[in-house]
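Quick look at run.txt (compact mmCIF, C-alpha atoms and all ligand atoms):
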# COMPACT_ATOMS: atom_id res chain seq x y z
CA MET A 1 130.30 112.56 81.13
CA SER A 2 131.58 110.06 83.66
CA ALA A 3 130.60 110.17 87.31
CA THR A 4 134.19 110.99 88.26
CA LEU A 5 134.30 114.02 86.01
CA ASN A 6 130.94 115.19 87.33
CA ALA A 7 132.18 114.76 90.88
CA GLU A 8 134.92 117.30 90.19
CA ALA A 9 132.15 119.92 90.01
CA ILE A 10 131.82 119.66 93.78
CA ASP A 11 135.21 121.31 94.21
CA ARG A 12 134.02 124.40 92.34
CA TYR A 13 131.79 125.60 95.19
CA ARG A 14 132.09 126.15 98.90
CA PHE A 15 129.27 126.00 101.41
CA PRO A 16 130.72 128.46 103.91
CA ALA A 17 128.31 127.51 106.72
CA ALA A 18 127.82 123.98 108.08
CA ASP A 19 124.13 124.73 108.67
CA CYS A 20 123.59 125.52 104.95
CA SER A 21 122.56 129.09 105.70
CA ARG A 22 124.55 130.06 102.60
CA ILE A 23 123.87 128.31 99.27
CA PRO A 24 126.29 128.95 96.40
CA TYR A 25 124.42 130.00 93.26
CA GLY A 26 126.49 127.64 91.13
CA MET A 27 124.58 124.73 92.69
CA TYR A 28 121.58 125.79 90.65
CA ARG A 29 123.24 126.51 87.31
CA ASP A 30 126.11 124.04 86.85
CA PRO A 31 125.30 121.22 84.38
CA ASP A 32 127.90 118.92 86.02
CA ILE A 33 126.15 119.32 89.39
CA TYR A 34 122.89 118.46 87.63
CA ALA A 35 124.41 115.30 86.13
CA LEU A 36 125.77 114.25 89.51
CA GLU A 37 122.32 114.76 91.08
CA GLN A 38 120.83 112.25 88.67
CA GLU A 39 123.29 109.65 89.94
CA ARG A 40 123.49 110.49 93.65
CA ILE A 41 120.02 111.88 94.38
CA PHE A 42 117.45 110.52 91.95
CA ARG A 43 119.23 107.18 91.46
CA GLY A 44 120.64 107.27 94.96
CA PRO A 45 119.26 105.86 98.23
CA ILE A 46 115.94 107.73 98.18
CA TRP A 47 112.33 106.81 97.44
CA ASN A 48 110.93 108.76 94.47
CA PHE A 49 107.18 109.26 94.27
CA LEU A 50 105.93 107.57 91.08
CA ALA A 51 102.13 107.44 90.87
CA LEU A 52 98.95 106.59 92.73
CA GLU A 53 97.53 103.08 92.73
CA ASP A 54 94.12 104.50 91.87
CA GLU A 55 95.61 105.75 88.60
CA ILE A 56 96.37 102.16 87.59
CA PRO A 57 93.60 100.15 89.28
CA ASN A 58 93.38 97.23 86.82
CA PRO A 59 95.87 94.60 85.62
CA GLY A 60 97.66 95.94 82.56
CA ASP A 61 97.12 99.61 83.52
CA PHE A 62 100.23 101.74 83.17
CA ARG A 63 101.42 105.36 83.38
CA LEU A 64 104.59 107.03 82.22
CA VAL A 65 106.47 109.06 84.80
CA GLU A 66 110.02 110.27 85.27
CA VAL A 67 112.55 109.82 88.03
CA GLY A 68 114.75 112.90 87.73
CA ASP A 69 115.04 112.86 83.95
CA THR A 70 114.91 109.07 83.49
CA PRO A 71 111.71 107.91 81.76
CA VAL A 72 109.93 105.21 83.77
CA ILE A 73 106.87 103.00 83.21
CA VAL A 74 104.74 102.21 86.28
CA ASP A 75 102.26 99.39 85.78
CA ARG A 76 100.16 96.71 87.39
CA ALA A 77 100.81 93.11 86.34
CA ARG A 78 98.21 90.36 85.84
CA ASP A 79 98.51 89.26 89.47
CA GLY A 80 97.85 92.82 90.68
CA SER A 81 101.47 93.48 91.69
CA LEU A 82 103.05 96.88 90.99
CA HIS A 83 106.16 97.35 88.88
CA ALA A 84 108.37 100.16 87.66
CA MET A 85 110.98 99.93 84.93
CA VAL A 86 113.09 102.28 82.86
CA ASN A 87 111.28 103.09 79.64
CA ARG A 88 114.31 102.47 77.46
CA CYS A 89 114.52 99.50 75.13
CA SER A 90 117.27 97.02 75.90
CA HIS A 91 117.86 96.66 72.15
CA ARG A 92 118.98 100.06 70.93
CA GLY A 93 117.71 102.39 73.59
CA SER A 94 114.43 103.70 72.19
CA ILE A 95 111.53 104.78 74.36
CA VAL A 96 109.41 101.62 74.53
CA GLN A 97 105.98 102.71 75.72
CA ARG A 98 104.92 106.00 74.13
CA ALA A 99 101.34 106.38 75.36
CA THR A 100 101.28 108.51 78.51
CA HIS A 101 98.87 106.02 80.12
CA GLY A 102 96.63 103.14 79.15
CA ASN A 103 96.19 99.41 79.43
CA ALA A 104 98.54 96.95 77.75
CA LYS A 105 99.25 93.22 77.67
CA THR A 106 102.89 93.93 76.89
CA HIS A 107 105.00 97.02 76.23
CA VAL A 108 106.14 96.88 72.60
CA CYS A 109 108.95 99.01 71.23
CA CYS A 110 107.94 100.49 67.88
CA TYR A 111 111.47 100.51 66.45
CA HIS A 112 112.05 96.74 65.99
CA GLN A 113 109.05 95.45 67.92
CA TRP A 114 110.79 93.88 70.90
CA SER A 115 108.16 93.26 73.55
CA PHE A 116 108.36 93.30 77.32
CA ASP A 117 105.91 91.86 79.82
CA LEU A 118 104.36 93.94 82.60
CA THR A 119 107.25 93.11 84.92
CA GLY A 120 109.79 94.39 82.38
CA ASN A 121 111.07 91.03 81.12
CA LEU A 122 111.89 90.68 77.44
CA VAL A 123 109.38 88.21 76.01
CA GLY A 124 109.41 88.73 72.26
CA VAL A 125 112.07 89.40 69.60
CA PRO A 126 110.72 89.23 66.03
CA PHE A 127 112.92 87.20 63.68
CA GLN A 128 115.15 86.19 66.54
CA LYS A 129 116.28 83.16 64.53
CA GLY A 130 116.30 84.98 61.18
CA VAL A 131 114.58 83.51 58.10
CA LYS A 132 115.32 79.97 57.01
CA GLY A 133 118.36 79.92 59.24
CA VAL A 134 119.80 83.13 57.85
CA GLY A 135 120.20 86.33 59.87
CA GLY A 136 118.78 86.83 63.32
CA LEU A 137 120.49 86.92 66.66
CA PRO A 138 123.34 84.60 67.73
CA ALA A 139 122.18 81.17 68.95
CA ASP A 140 123.29 81.92 72.51
CA PHE A 141 121.25 85.15 72.79
CA ASP A 142 119.41 84.88 76.10
CA LYS A 143 116.26 86.98 76.42
CA SER A 144 116.34 86.70 80.19
CA CYS A 145 119.52 88.84 80.21
CA HIS A 146 117.83 91.76 78.44
CA ALA A 147 114.98 92.88 80.65
CA LEU A 148 114.20 96.56 81.10
CA ARG A 149 116.05 98.01 84.07
CA LYS A 150 113.79 97.54 87.10
CA LEU A 151 113.23 99.78 90.09
CA ARG A 152 112.32 98.54 93.54
CA VAL A 153 108.75 99.55 94.30
CA GLU A 154 106.82 100.07 97.54
CA SER A 155 103.33 101.40 98.04
CA LEU A 156 101.97 103.13 101.15
CA ASN A 157 98.18 103.56 101.26
CA GLY A 158 98.17 103.54 97.46
CA ALA A 159 101.03 106.03 96.94
CA ILE A 160 103.65 104.23 94.84
CA PHE A 161 107.33 105.00 95.33
CA GLY A 162 110.34 103.61 93.48
CA THR A 163 114.08 103.49 94.01
CA PHE A 164 117.06 102.54 91.89
CA SER A 165 119.23 101.78 94.89
CA ASP A 166 119.54 98.60 96.95
CA ASP A 167 120.70 100.76 99.86
CA THR A 168 117.41 102.63 100.30
CA PRO A 169 115.81 101.69 103.65
CA PRO A 170 112.17 100.45 103.71
CA LEU A 171 109.72 103.19 102.71
CA ARG A 172 108.20 103.75 106.17
CA GLU A 173 111.67 104.08 107.64
CA TYR A 174 112.70 106.51 104.91
CA LEU A 175 109.61 108.64 105.54
CA GLY A 176 109.81 108.43 109.34
CA PRO A 177 106.68 108.49 111.55
CA VAL A 178 105.62 112.10 110.85
CA PHE A 179 105.68 111.73 107.09
CA THR A 180 104.31 108.20 107.05
CA HIS A 181 101.38 109.76 108.89
CA GLN A 182 101.09 112.57 106.32
CA VAL A 183 100.87 110.03 103.49
CA GLU A 184 98.30 107.99 105.42
CA ARG A 185 96.35 111.16 106.33
CA LEU A 186 95.88 112.21 102.72
CA PHE A 187 95.48 108.77 101.14
CA ASN A 188 93.05 107.50 103.74
CA ARG A 189 90.52 105.81 101.43
CA LYS A 190 89.84 105.09 97.78
CA LEU A 191 90.55 108.11 95.59
CA ARG A 192 88.81 109.61 92.62
CA ILE A 193 91.33 111.09 90.20
CA LEU A 194 90.00 114.46 89.04
CA GLY A 195 92.61 115.52 86.51
CA TYR A 196 96.15 116.65 85.77
CA GLN A 197 98.11 119.85 85.34
CA ARG A 198 101.57 120.09 83.89
CA GLN A 199 103.80 123.13 84.22
CA ARG A 200 107.21 123.71 82.69
CA ILE A 201 109.42 126.16 84.53
CA PHE A 202 112.63 127.59 83.16
CA GLY A 203 114.70 127.41 86.29
CA ASN A 204 116.52 124.86 88.42
CA TRP A 205 114.40 122.23 90.17
CA LYS A 206 115.97 123.02 93.56
CA LEU A 207 114.66 126.58 93.40
CA TYR A 208 111.25 124.93 93.52
CA THR A 209 112.10 122.57 96.39
CA ASP A 210 113.41 125.70 98.17
CA ASN A 211 110.11 127.43 97.43
CA LEU A 212 108.18 124.51 98.93
CA ARG A 213 110.26 124.74 102.11
CA ASP A 214 109.96 128.51 102.50
CA PRO A 215 106.62 129.26 104.18
CA ASN A 216 107.84 132.83 104.60
CA HIS A 217 107.14 133.66 100.95
CA GLY A 218 103.61 132.23 101.09
CA GLY A 219 102.30 135.14 103.14
CA LEU A 220 104.26 137.81 101.24
CA LEU A 221 104.39 136.84 97.56
CA HIS A 222 100.92 135.39 97.11
CA MET A 223 98.50 138.34 97.21
CA PHE A 224 95.40 136.20 96.76
CA GLN A 225 96.44 134.02 99.66
CA ILE A 226 97.09 136.98 101.95
CA THR A 227 94.13 139.12 100.98
CA PHE A 228 91.55 136.39 101.33
CA GLY A 229 93.13 134.80 104.37
CA ILE A 230 94.10 131.38 103.03
CA ALA A 231 97.43 131.76 104.84
CA ARG A 232 98.93 134.88 106.35
CA LEU A 233 102.19 135.09 108.19
CA ASN A 234 100.36 136.01 111.37
CA ALA A 235 98.13 132.94 111.23
CA THR A 236 98.78 129.84 113.29
CA GLY A 237 101.25 127.71 111.39
CA GLY A 238 104.68 126.20 111.20
CA ALA A 239 106.81 123.45 109.79
CA LYS A 240 107.56 119.90 110.78
CA LEU A 241 110.68 118.04 109.71
CA ASP A 242 111.92 114.47 109.96
CA ALA A 243 115.06 113.57 111.89
CA ASP A 244 117.30 114.31 108.85
CA GLY A 245 115.47 117.54 107.96
CA LYS A 246 114.98 116.26 104.41
CA HIS A 247 111.16 116.11 104.39
CA ASN A 248 109.00 119.06 105.35
CA LEU A 249 105.39 119.73 106.26
CA SER A 250 104.43 123.39 105.95
CA TRP A 251 101.14 123.83 107.74
CA ALA A 252 98.63 126.48 108.72
CA ALA A 253 95.51 126.10 110.80
CA GLN A 254 92.35 128.17 110.95
CA GLY A 255 93.53 130.43 108.15
CA GLY A 256 91.91 133.74 107.35
CA ARG A 257 89.96 135.98 109.59
CA ALA A 258 89.62 133.23 112.14
CA GLY A 259 93.40 133.40 112.49
CA ASN A 260 95.21 134.53 115.59
CA ALA A 261 95.68 138.21 114.73
CA GLU A 262 92.92 140.69 115.50
CA ASP A 263 93.89 143.05 112.74
CA PRO A 264 95.72 140.85 110.25
CA GLY A 265 96.52 143.70 107.85
CA LYS A 266 98.39 145.72 110.44
CA ASP A 267 101.32 143.34 110.73
CA TYR A 268 102.06 143.87 107.05
CA GLY A 269 102.99 147.49 107.74
CA ASP A 270 103.83 149.45 104.60
CA THR A 271 104.45 146.42 102.37
CA GLY A 272 101.29 147.16 100.43
CA ARG A 273 100.19 143.61 101.20
CA GLY A 274 97.87 144.42 104.08
CA ASP A 275 94.61 145.50 102.40
CA MET A 276 92.13 143.02 103.81
CA ASN A 277 89.07 144.98 102.69
CA ILE A 278 88.85 143.52 99.22
CA LYS A 279 86.05 140.95 99.05
CA LEU A 280 85.28 138.16 96.64
CA ARG A 281 81.76 138.36 95.22
CA ASP A 282 81.49 134.63 95.62
CA PRO A 283 83.41 133.61 98.74
CA SER A 284 82.36 129.97 98.40
CA LEU A 285 85.70 129.39 96.66
CA LEU A 286 87.40 129.96 100.00
CA ARG A 287 85.14 127.80 102.11
CA TYR A 288 86.81 124.87 103.83
CA HIS A 289 84.68 121.83 104.51
CA LYS A 290 86.49 120.14 107.36
CA GLU A 291 87.45 116.65 106.28
CA PHE A 292 90.48 115.64 108.35
CA PRO A 293 90.54 114.88 112.09
CA ASP A 294 93.11 117.67 112.67
CA ASP A 295 92.67 121.45 112.22
CA LEU A 296 95.07 121.93 109.33
CA THR A 297 93.58 123.98 106.54
CA LEU A 298 96.80 124.16 104.60
CA ALA A 299 99.30 121.30 104.55
CA VAL A 300 102.03 121.02 101.94
CA THR A 301 104.20 117.99 102.54
CA SER A 302 107.49 117.93 100.62
CA LEU A 303 109.07 114.51 100.39
CA PHE A 304 112.74 114.42 99.47
CA ALA A 305 113.34 114.80 96.64
CA ASN A 306 110.64 114.80 93.99
CA ALA A 307 107.20 115.04 95.58
CA ALA A 308 104.81 117.43 97.27
CA LEU A 309 101.47 116.41 98.72
CA GLN A 310 99.13 119.34 98.72
CA GLN A 311 96.10 120.22 100.80
CA ILE A 312 95.00 123.80 100.24
CA GLY A 313 91.63 123.75 101.95
CA ASN A 314 89.79 121.03 100.06
CA THR A 315 92.10 121.12 97.04
CA LEU A 316 94.07 117.90 97.15
CA ALA A 317 96.87 117.01 94.78
CA VAL A 318 100.21 115.31 94.55
CA ARG A 319 102.93 117.09 92.61
CA GLN A 320 105.83 115.30 90.96
CA ILE A 321 108.97 117.19 90.01
CA ARG A 322 110.55 116.01 86.75
CA THR A 323 113.92 117.50 85.92
CA ARG A 324 114.91 118.39 82.36
CA SER A 325 118.30 120.04 82.78
CA ALA A 326 119.97 122.40 85.23
CA ASP A 327 117.81 125.11 83.68
CA GLU A 328 114.40 123.50 83.33
CA PHE A 329 111.94 121.22 85.09
CA GLU A 330 108.31 120.21 85.03
CA ILE A 331 105.73 119.87 87.75
CA VAL A 332 103.03 117.30 87.08
CA SER A 333 100.09 117.63 89.47
CA THR A 334 97.51 114.92 89.95
CA PHE A 335 94.33 116.36 91.47
CA PHE A 336 92.09 114.02 93.38
CA GLY A 337 89.19 113.67 95.75
CA TYR A 338 87.68 110.58 97.32
CA GLU A 339 85.40 108.03 95.73
CA ASP A 340 82.73 108.69 98.32
CA ASP A 341 82.62 112.48 97.66
CA ASP A 342 79.12 113.62 96.81
CA GLU A 343 78.54 115.72 93.70
CA ALA A 344 78.70 119.03 95.58
CA MET A 345 82.05 118.15 97.15
CA GLN A 346 83.47 117.08 93.82
CA ARG A 347 82.33 120.38 92.26
CA HIS A 348 83.86 122.28 95.17
CA ARG A 349 87.20 120.50 94.74
CA LEU A 350 87.23 121.16 91.01
CA ARG A 351 86.52 124.87 91.50
CA LYS A 352 89.18 125.10 94.16
CA ALA A 353 91.66 123.49 91.79
CA ASN A 354 91.90 127.01 90.37
CA LEU A 355 93.92 127.96 93.43
CA ALA A 356 96.92 125.83 92.42
CA GLY A 357 98.80 125.00 89.22
CA PRO A 358 100.47 127.12 86.53
CA ALA A 359 97.72 129.77 86.47
CA GLY A 360 96.56 129.13 90.02
CA LEU A 361 95.27 132.09 91.99
CA VAL A 362 97.65 131.17 94.80
CA SER A 363 100.55 129.47 93.07
CA MET A 364 101.10 131.19 89.74
CA GLU A 365 103.71 133.43 91.33
CA ASP A 366 105.91 130.48 92.34
CA GLY A 367 107.00 129.66 88.79
CA GLU A 368 107.74 133.33 88.18
CA ALA A 369 109.77 133.65 91.40
CA VAL A 370 111.84 130.58 90.45
CA GLU A 371 112.55 132.04 87.00
CA LEU A 372 113.46 135.46 88.43
CA VAL A 373 116.09 133.89 90.68
CA HIS A 374 117.38 131.56 87.98
CA ARG A 375 117.91 134.43 85.55
CA ALA A 376 119.73 136.61 88.04
CA ILE A 377 122.17 133.95 89.28
CA VAL A 378 123.56 133.09 85.86
CA ARG A 379 127.06 134.29 86.88
CA ASP A 380 129.01 134.44 90.15
CA GLY A 381 128.42 130.82 91.15
CA GLN A 382 130.46 131.23 94.32
CA ASP A 383 128.19 134.04 95.57
CA HIS A 384 125.38 132.70 97.67
CA SER A 385 121.91 133.22 99.05
CA VAL A 386 121.25 134.13 102.70
CA VAL A 387 119.01 131.62 104.44
CA GLU A 388 118.60 132.85 108.00
CA PHE A 389 114.91 133.34 108.73
CA GLY A 390 114.15 131.15 111.72
CA GLY A 391 117.74 131.38 112.89
CA ARG A 392 121.02 129.59 112.20
CA GLY A 393 122.28 126.33 113.58
CA PRO A 394 120.42 123.04 114.10
CA VAL A 395 117.41 122.25 112.00
CA ARG A 396 114.21 121.62 113.94
CA ASP A 397 110.43 122.00 113.84
CA GLN A 398 109.10 125.55 113.54
CA GLU A 399 106.04 126.98 115.27
CA ASN A 400 105.69 129.96 112.96
CA LEU A 401 105.66 130.62 109.23
CA ILE A 402 108.49 133.15 109.06
CA SER A 403 111.23 130.62 108.62
CA ASP A 404 113.76 129.26 106.14
CA VAL A 405 114.78 126.41 108.42
CA PRO A 406 113.10 123.65 106.32
CA MET A 407 115.16 124.81 103.32
CA ARG A 408 118.35 124.29 105.27
CA GLY A 409 117.17 120.79 106.19
CA PHE A 410 116.84 119.93 102.51
CA TRP A 411 120.29 121.26 101.70
CA MET A 412 122.00 119.50 104.59
CA TYR A 413 120.65 116.15 103.43
CA TYR A 414 121.34 117.02 99.80
CA CYS A 415 124.99 117.78 100.59
CA LYS A 416 125.28 114.52 102.50
CA LEU A 417 124.03 112.48 99.53
CA MET A 418 126.08 114.47 97.02
CA GLY A 419 129.25 114.14 99.10
CA ILE A 420 129.59 117.92 99.40
CA PRO A 421 131.52 119.16 102.44
CA THR A 422 129.89 122.02 104.34
CA GLY A 423 131.08 124.62 106.81
CA GLU A 424 134.47 124.31 108.42
CA THR A 425 135.08 121.05 106.53
CA ALA A 426 134.58 122.95 103.27
CA SER A 427 137.68 125.10 103.42
S1 LIG B 1 115.22 99.83 69.84
FE1 LIG B 1 113.53 98.79 70.68
S2 LIG B 1 113.26 97.09 69.39
FE2 LIG B 1 115.00 98.08 68.59
FE FE B 2 104.28 129.63 96.85

Produce structure tokens that represent the structure in this file.
Ligand code: FES
Ligand SMILES: [Fe+2]
Amino acid sequence: MSATLNAEAIDRYRFPAADCSRIPYGMYRDPDIYALEQERIFRGPIWNFLALEDEIPNPGDFRLVEVGDTPVIVDRARDGSLHAMVNRCSHRGSIVQRATHGNAKTHVCCYHQWSFDLTGNLVGVPFQKGVKGVGGLPADFDKSCHALRKLRVESLNGAIFGTFSDDTPPLREYLGPVFTHQVERLFNRKLRILGYQRQRIFGNWKLYTDNLRDPNHGGLLHMFQITFGIARLNATGGAKLDADGKHNLSWAAQGGRAGNAEDPGKDYGDTGRGDMNIKLRDPSLLRYHKEFPDDLTLAVTSLFANAALQQIGNTLAVRQIRTRSADEFEIVSTFFGYEDDDEAMQRHRLRKANLAGPAGLVSMEDGEAVELVHRAIVRDGQDHSVVEFGGRGPVRDQENLISDVPMRGFWMYYCKLMGIPTGETAS
């Protein structure tokens, strides 16, 4: 469907409040909105997280990723430079590289064996001149005009980002000082990649970006987190945003019984969430070995639009959101530690990896919550959610966890990129 036809979908919904404290349900279910997002968000003027340099340390190393739903190869060329290109053959559109990761001299398409160098240029076409002057491509066929589509790439402390747009500002500017610091904080030295988790969720990808920007649910939905004090709503915590409100850091410090409430269970009243007397037989799972100069024990940094950097205690990971349709997306998590971790620390990180991911003791409920919403909002696209925790109006940093404000920041920037009028301009 053409971009113009997709753009007509915008007229189907109204954001009744300029501060995005009302989100029409149709934004999550409409396939035309989804198609427009691919063009204006994922291929728009944003930096998409692609991969970590330590995943492709050597020349020829590559990984397959996705930007929205576009398949992309990220690789390192012979001279050590980083490249990203659409994994779609310039001949007849096949996937070129099919291995999820590896080392290659060239990327060769299996269909008719066209080959592309590590920068995406077309370097080989079998039987280009036919056989004995018969068949083959026209004499004026110019290989240099048929490279794979290339993305601009920038790396910050080994975190590789890519963009389709020439209008995207430099990466540090796009991140702003707070989020440049968050990237530098986490990727502060050489990493050791510990493994991957992949989760498919049958819901809209923005229900997950909402979830990431809703610290309120963390201390209500996640029983394990509340009971064992990883993060409770009465702990010290909050959210930091960039000037646009598009990125978000949800943070908590000194979680658990060292938190700022004397009787943490009491604040939960009759929710049934306040029983703090259950104990783990082996509490070492919860232990936090301080490893950053600040006091944050939980820091989830959401970068608009496809990434989340995760520190839950000593569990470190970067999550990439890959969209499939309006009704489905995947989260690919790369778990890591640092090369100089000793064996005990590495073991600790691997055990703590059980806190996150599809069956994670803390995060398994997130996928379920996304699917519960997605199922219930199948009709009545003009009805909307109520996003008022933390107050209405301007979007700004929050010094508590009972807030939806970061969600509104996402949606205000989203509407700007999508060209969606909000509030009084929407009528
Ligand atoms: S589609 Fe790739 S070589 Fe033909
Ligand atoms: Fe959650």

Mind checking which residues fall within 6 Å of segment 198-214 of chain A, counting all atoms listed in the file, ignoring those fewer than 3 positions away in the same chain, and posting them as a PyMOL selection string?
chain A and resi 28+326-332+358+370-371+374+404+406-407

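Counting only C-alpha atoms, segment 241-248 of chain A has the following residues at most 6 Å away, ignoring those fewer than 2 positions along the same chain: A:Thr301, A:Ser302, A:Leu303, A:Phe304, A:Asp397, A:Gly409, A:Phe410, A:Tyr413.
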
May I have the protein, DNA and RNA residues with an atom at most 12 Å from (116.6, 94.8, 79.2), counting all atoms listed in the file in the file's coordinates, returned as a tab-separated table (two decimals) with C-alpha atoms, in the coordinates of the input?
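Writing the result to result10.tsv gives the following:
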chain	number	residue	atom	x	y	z
A	85	MET	CA	110.98	99.93	84.93
A	86	VAL	CA	113.09	102.28	82.86
A	87	ASN	CA	111.28	103.09	79.64
A	88	ARG	CA	114.31	102.47	77.46
A	89	CYS	CA	114.52	99.50	75.13
A	90	SER	CA	117.27	97.02	75.90
A	91	HIS	CA	117.86	96.66	72.15
A	92	ARG	CA	118.98	100.06	70.93
A	93	GLY	CA	117.71	102.39	73.59
A	94	SER	CA	114.43	103.70	72.19
A	96	VAL	CA	109.41	101.62	74.53
A	109	CYS	CA	108.95	99.01	71.23
A	114	TRP	CA	110.79	93.88	70.90
A	115	SER	CA	108.16	93.26	73.55
A	116	PHE	CA	108.36	93.30	77.32
A	117	ASP	CA	105.91	91.86	79.82
A	119	THR	CA	107.25	93.11	84.92
A	120	GLY	CA	109.79	94.39	82.38
A	121	ASN	CA	111.07	91.03	81.12
A	122	LEU	CA	111.89	90.68	77.44
A	123	VAL	CA	109.38	88.21	76.01
A	124	GLY	CA	109.41	88.73	72.26
A	125	VAL	CA	112.07	89.40	69.60
A	142	ASP	CA	119.41	84.88	76.10
A	143	LYS	CA	116.26	86.98	76.42
A	144	SER	CA	116.34	86.70	80.19
A	145	CYS	CA	119.52	88.84	80.21
A	146	HIS	CA	117.83	91.76	78.44
A	147	ALA	CA	114.98	92.88	80.65
A	148	LEU	CA	114.20	96.56	81.10
A	149	ARG	CA	116.05	98.01	84.07
A	150	LYS	CA	113.79	97.54	87.10

I need the residue nearest ligand LIG 1 (chain B) from this list: A:Ala18, A:Asn103, A:Ala7, A:His112. Use only C-alpha atoms and all ligand atoms for the distance.
A:His112

Using only C-alpha atoms, pick whichever of A:Trp411, A:Phe224, A:Phe292, A:Trp251 has the shortest atom-to-atom distance to Gly360 of chain A.
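Under the stated criterion, the closest residue is A:Phe224.
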
Among listed residues A:Gln225, A:Asn234, A:Ser333, A:Thr271, nearest Gly195 of chain A (using only C-alpha atoms):
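Counting only C-alpha atoms, the residue closest to Gly195 of chain A is A:Ser333.
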
Neighbouring residues of segment 37-54 of chain A were defined as those with any atom within 9 Å, considering all atoms listed in the file; residues of the same chain fewer than 3 positions away were excluded. Please report them as a ChimeraX atom specification.
/A:3,32-34,57-58,63-70,72,74,76,82,84,153-155,157-171,174-175,190-193,303-307,318,320,334,414,417-419

Restricted to C-alpha atoms, what would the selected residues look like written as a JSON list (two decimals), keeping the file's coordinate frame?
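again28.json written:
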[["chain", "number", "residue", "atom", "x", "y", "z"],
["A", 3, "ALA", "CA", 130.60, 110.17, 87.31],
["A", 32, "ASP", "CA", 127.90, 118.92, 86.02],
["A", 33, "ILE", "CA", 126.15, 119.32, 89.39],
["A", 34, "TYR", "CA", 122.89, 118.46, 87.63],
["A", 57, "PRO", "CA", 93.60, 100.15, 89.28],
["A", 58, "ASN", "CA", 93.38, 97.23, 86.82],
["A", 63, "ARG", "CA", 101.42, 105.36, 83.38],
["A", 64, "LEU", "CA", 104.59, 107.03, 82.22],
["A", 65, "VAL", "CA", 106.47, 109.06, 84.80],
["A", 66, "GLU", "CA", 110.02, 110.27, 85.27],
["A", 67, "VAL", "CA", 112.55, 109.82, 88.03],
["A", 68, "GLY", "CA", 114.75, 112.90, 87.73],
["A", 69, "ASP", "CA", 115.04, 112.86, 83.95],
["A", 70, "THR", "CA", 114.91, 109.07, 83.49],
["A", 72, "VAL", "CA", 109.93, 105.21, 83.77],
["A", 74, "VAL", "CA", 104.74, 102.21, 86.28],
["A", 76, "ARG", "CA", 100.16, 96.71, 87.39],
["A", 82, "LEU", "CA", 103.05, 96.88, 90.99],
["A", 84, "ALA", "CA", 108.37, 100.16, 87.66],
["A", 153, "VAL", "CA", 108.75, 99.55, 94.30],
["A", 154, "GLU", "CA", 106.82, 100.07, 97.54],
["A", 155, "SER", "CA", 103.33, 101.40, 98.04],
["A", 157, "ASN", "CA", 98.18, 103.56, 101.26],
["A", 158, "GLY", "CA", 98.17, 103.54, 97.46],
["A", 159, "ALA", "CA", 101.03, 106.03, 96.94],
["A", 160, "ILE", "CA", 103.65, 104.23, 94.84],
["A", 161, "PHE", "CA", 107.33, 105.00, 95.33],
["A", 162, "GLY", "CA", 110.34, 103.61, 93.48],
["A", 163, "THR", "CA", 114.08, 103.49, 94.01],
["A", 164, "PHE", "CA", 117.06, 102.54, 91.89],
["A", 165, "SER", "CA", 119.23, 101.78, 94.89],
["A", 166, "ASP", "CA", 119.54, 98.60, 96.95],
["A", 167, "ASP", "CA", 120.70, 100.76, 99.86],
["A", 168, "THR", "CA", 117.41, 102.63, 100.30],
["A", 169, "PRO", "CA", 115.81, 101.69, 103.65],
["A", 170, "PRO", "CA", 112.17, 100.45, 103.71],
["A", 171, "LEU", "CA", 109.72, 103.19, 102.71],
["A", 174, "TYR", "CA", 112.70, 106.51, 104.91],
["A", 175, "LEU", "CA", 109.61, 108.64, 105.54],
["A", 190, "LYS", "CA", 89.84, 105.09, 97.78],
["A", 191, "LEU", "CA", 90.55, 108.11, 95.59],
["A", 192, "ARG", "CA", 88.81, 109.61, 92.62],
["A", 193, "ILE", "CA", 91.33, 111.09, 90.20],
["A", 303, "LEU", "CA", 109.07, 114.51, 100.39],
["A", 304, "PHE", "CA", 112.74, 114.42, 99.47],
["A", 305, "ALA", "CA", 113.34, 114.80, 96.64],
["A", 306, "ASN", "CA", 110.64, 114.80, 93.99],
["A", 307, "ALA", "CA", 107.20, 115.04, 95.58],
["A", 318, "VAL", "CA", 100.21, 115.31, 94.55],
["A", 320, "GLN", "CA", 105.83, 115.30, 90.96],
["A", 334, "THR", "CA", 97.51, 114.92, 89.95],
["A", 414, "TYR", "CA", 121.34, 117.02, 99.80],
["A", 417, "LEU", "CA", 124.03, 112.48, 99.53],
["A", 418, "MET", "CA", 126.08, 114.47, 97.02],
["A", 419, "GLY", "CA", 129.25, 114.14, 99.10]]

What lies within 12 Å of Asn216 of chain A using only C-alpha atoms, ignoring chain neighbours under 2 positions off, as an MDAnalysis selection string?
chainID A and resid 210:214 218:222 226 231:235 237:239 250:252 387:390 398 400:407

Could you tell me how far atom CA of Ala359 of chain A lies from atom CA of Glu55 of chain A, in Å and to one decimal?
24.2 Å

Box in all listed atoms of ligand LIG 1 (chain B), axis-aligned, with 8 Å more on each side; write out centre and edge lengths in Å to one decimal as lines of an AutoDock Vina configuration file.
center_x = 114.2
center_y = 98.5
center_z = 69.6
size_x = 18.0
size_y = 18.7
size_z = 18.1
